[in-house]
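Read the structure below first, then the notes.
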Amino acid sequence: MKVRKQYETNPYPKWVNLALSLSPFEINKFVNISNLKLYHNKIKEISMPQILIAGCGTGQHSIETASRFKNCNVTAIDLSLSSLAYAKRKTKELSIQNIDYIQADILDLINLKKEFDIIESVGVLHHMDDPFAGWKILTKLLKPGGLMRIGLYSDLGRKNIVKIRDEISKLGFKPNEADIKSFRLKVIRSEQKHHKEMLNFNDFYNISELRDLLFHTQEHRFSLPQIQEYLDKLNLKFCGFDTQNIISSFKTIHPNIDDCYSLEKWHNYEISNPRVFSGMYQFWCQKLL
């Protein structure tokens, strides 16, 4: 599989230190401080949450989640053995003992024969052949009333990146270290606006992360109406975005408390501010009973 091959060669992300939560939250408190809109309060009653990280990469995500939720048990899966080896090493260094790592494909997770209270998959589904098929599997593993955190690329937010990816293809640059460095130097020396914007991405300055940003072997991008369509098909309800700085800016235009939970209003806001989700959409949703 080409995506797995990429992450075996270039594990992502490369990291050294994390800002871990020293006081883990109960789900009830996390929901409140995150201003999530719930459609059923059953999840607030869970005292020992079972959590799945679908696509844990090098462990940054799984470790942060394991330290965030009180009395939780985390199952973290990834395709890449190289990434998992890094994740396990860092988890051991930090003396974290509530994470189980498994090499697996999201499409095979149904074989776990297990359900979870919380599922998180950020920056993963959009690299699958069929993102909806992967999301459908994850939804099957989520308990009724459970919460899911999803991260997907925005079509509007990545217009410049798509433009550069097209340039890379036309110029014949390959996803090897020499070509990545050569293209990066070309961008640094460029005066073109869409090139200069790349200098604001932290991923631009690390080979593995730059490959993920501009040279990825496969990616899909989404619009908020499309995401709403998927949520409806999967019997999921939008609970709110997970990016507080973006929410704060949105509220200056849409102060009504319910506005934050309307993907239609968010779509109109993104059209007026096409760079607002330049990283990706990160949001929570809840499975209906």
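Order determines the names: the first chain of the structure tokens is A, the second B, and so forth; residues in each chain are numbered 1 upward, and ligands are numbered 1 upward as they are shown.
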Counting only C-alpha atoms, which residues of segment 145-252 of chain A fall within 8 Å of segment 260-271 of chain A, and what is the closest atom pair for each with its distance in Å at one decimal, ordered by chain and rising number, as a Markdown table?
| residue | atom | partner | partner_atom | distance |
| --- | --- | --- | --- | --- |
| A:Leu156 | CA | A:Ile271 | CA | 7.7 |
| A:Ser223 | CA | A:His267 | CA | 7.8 |
| A:Leu224 | CA | A:His267 | CA | 5.8 |
| A:Pro225 | CA | A:Glu264 | CA | 7.1 |
| A:Gln228 | CA | A:Leu263 | CA | 7.0 |
| A:Phe238 | CA | A:Tyr261 | CA | 6.7 |
| A:Cys239 | CA | A:Tyr261 | CA | 6.4 |
| A:Gly240 | CA | A:Tyr261 | CA | 5.6 |
| A:Ile247 | CA | A:Cys260 | CA | 7.4 |
| A:Phe250 | CA | A:Tyr269 | CA | 7.4 |
| A:Lys251 | CA | A:Cys260 | CA | 7.6 |
Practice problem: Find the residues near Phe173 of chain A: any atom within 12 Å, counting only C-alpha atoms, skip ones fewer than 5 places away on the same chain, and give them as a ChimeraX atom specification. | Solution: /A:164-168,178-184,186,211,214-215
Practice problem: Could you give me, as JSON, numbers by chain, each residue of segment 27-271 of chain A that DSSP assigns to strand (DSSP E or B) when run on this structure's backbone? | Solution: {"A": [50, 51, 52, 53, 54, 69, 73, 74, 75, 76, 77, 78, 99, 100, 101, 102, 103, 116, 117, 118, 119, 120, 121, 122, 142, 143, 144, 145, 146, 147, 148, 149, 150, 151, 152, 154, 222, 236, 237, 238, 239, 240, 241]}
Practice problem: Name the residues in contact with Ala66 of chain A at a cut-off of 9 Å, using only C-alpha atoms, excluding same-chain residues fewer than 3 positions from it; report them as a list in words. | Solution: Pro24, Ile51, His61, Ser62, Ile63, Phe69, Lys70, Asn71, Cys72, Asn73, Val74, Ile96, Gln97, Asn98 and Ile99 of chain A
Quiz prompt | Selection near segment 26-39 of chain A, 9 Å with only C-alpha atoms, sequence-local residues under 4 positions removed, as a list in words | solution = Ile43, Lys44, Glu45, Ile46, Ser47, Met48, Pro49, Arg68, Phe69, Lys70, Asn71, Gly145, Lys237, Phe238, Cys239, Gly240, Phe241, Asp242, Gln244, Tyr261, Trp284, Cys285, Gln286, Lys287 and Leu288 of chain A
Any chance you could export the current selection's C-alpha atoms as a tab-separated table (two decimals), in the first residue's frame?
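So part_17.tsv came out as:
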chain	number	residue	atom	x	y	z
A	43	ILE	CA	-21.58	9.88	27.38
A	44	LYS	CA	-21.26	12.08	30.48
A	45	GLU	CA	-21.93	9.05	32.68
A	46	ILE	CA	-18.86	7.14	31.44
A	47	SER	CA	-16.23	7.01	34.20
A	48	MET	CA	-13.64	4.77	32.47
A	49	PRO	CA	-13.81	5.65	28.76
A	68	ARG	CA	-6.39	14.20	28.77
A	69	PHE	CA	-9.16	11.83	29.88
A	70	LYS	CA	-9.35	10.50	33.43
A	71	ASN	CA	-9.28	6.71	33.92
A	145	GLY	CA	-24.20	8.25	22.27
A	237	LYS	CA	-24.59	14.96	14.72
A	238	PHE	CA	-22.13	17.85	14.62
A	239	CYS	CA	-21.09	18.91	18.16
A	240	GLY	CA	-18.66	21.72	17.43
A	241	PHE	CA	-15.20	22.53	16.11
A	242	ASP	CA	-12.09	21.79	18.14
A	244	GLN	CA	-10.85	27.66	19.82
A	261	TYR	CA	-23.28	24.35	15.67
A	284	TRP	CA	-16.52	16.58	17.27
A	285	CYS	CA	-19.68	14.66	16.44
A	286	GLN	CA	-21.97	12.33	18.38
A	287	LYS	CA	-23.58	9.06	17.36
A	288	LEU	CA	-27.33	9.12	17.87
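Each of A:Leu234, A:Met280, A:Leu52, A:Ala133 was checked against Asp100 of chain A using only C-alpha atoms; the smallest atom-to-atom distance is that of A:Leu52.
The smallest atom-to-atom distance between Leu112 of chain A and any of A:Leu81, A:Ile137, A:Ile161, A:His195, using only C-alpha atoms, is found for A:Ile137.
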Neighbour list for Trp15 of chain A as a PDB file with N, CA and C atoms, in the first residue's frame, cut-off 10 Å, only C-alpha atoms, skip fewer than 3 positions in-chain:
ATOM      1  N   TYR A  12       5.403  10.161  10.578  1.00  0.00           N
ATOM      2  CA  TYR A  12       4.853  11.504  10.773  1.00  0.00           C
ATOM      3  C   TYR A  12       3.941  11.512  11.981  1.00  0.00           C
ATOM      4  N   LEU A  18       6.050  17.014  24.510  1.00  0.00           N
ATOM      5  CA  LEU A  18       4.622  17.292  24.481  1.00  0.00           C
ATOM      6  C   LEU A  18       4.212  18.063  25.724  1.00  0.00           C
ATOM      7  N   THR A  58       3.084   8.689  15.036  1.00  0.00           N
ATOM      8  CA  THR A  58       4.236   8.496  15.913  1.00  0.00           C
ATOM      9  C   THR A  58       3.894   8.663  17.398  1.00  0.00           C
ATOM     10  N   GLY A  59       2.607   8.707  17.721  1.00  0.00           N
ATOM     11  CA  GLY A  59       2.204   8.653  19.127  1.00  0.00           C
ATOM     12  C   GLY A  59       1.831   9.971  19.777  1.00  0.00           C
ATOM     13  N   GLN A  60       2.065  11.079  19.109  1.00  0.00           N
ATOM     14  CA  GLN A  60       1.734  12.374  19.698  1.00  0.00           C
ATOM     15  C   GLN A  60       0.254  12.449  20.065  1.00  0.00           C
ATOM     16  N   TYR A  86       8.217   4.309  16.961  1.00  0.00           N
ATOM     17  CA  TYR A  86       8.503   5.623  17.553  1.00  0.00           C
ATOM     18  C   TYR A  86       7.498   5.918  18.664  1.00  0.00           C
ATOM     19  N   LYS A  90       8.365   6.528  22.700  1.00  0.00           N
ATOM     20  CA  LYS A  90       8.043   7.776  23.407  1.00  0.00           C
ATOM     21  C   LYS A  90       7.057   7.533  24.547  1.00  0.00           C
TER      22      LYS A  90
END
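Shortest atom-to-atom contact with Leu138 of chain A among A:Leu20, A:Ala87, A:Ile110, A:Val162: A:Ile110, counting only C-alpha atoms.
Here the question is which of A:Leu141, A:Ile106, A:Ile246, A:Ile253 gets nearest to Phe277 of chain A using only C-alpha atoms, and that residue is A:Ile246.
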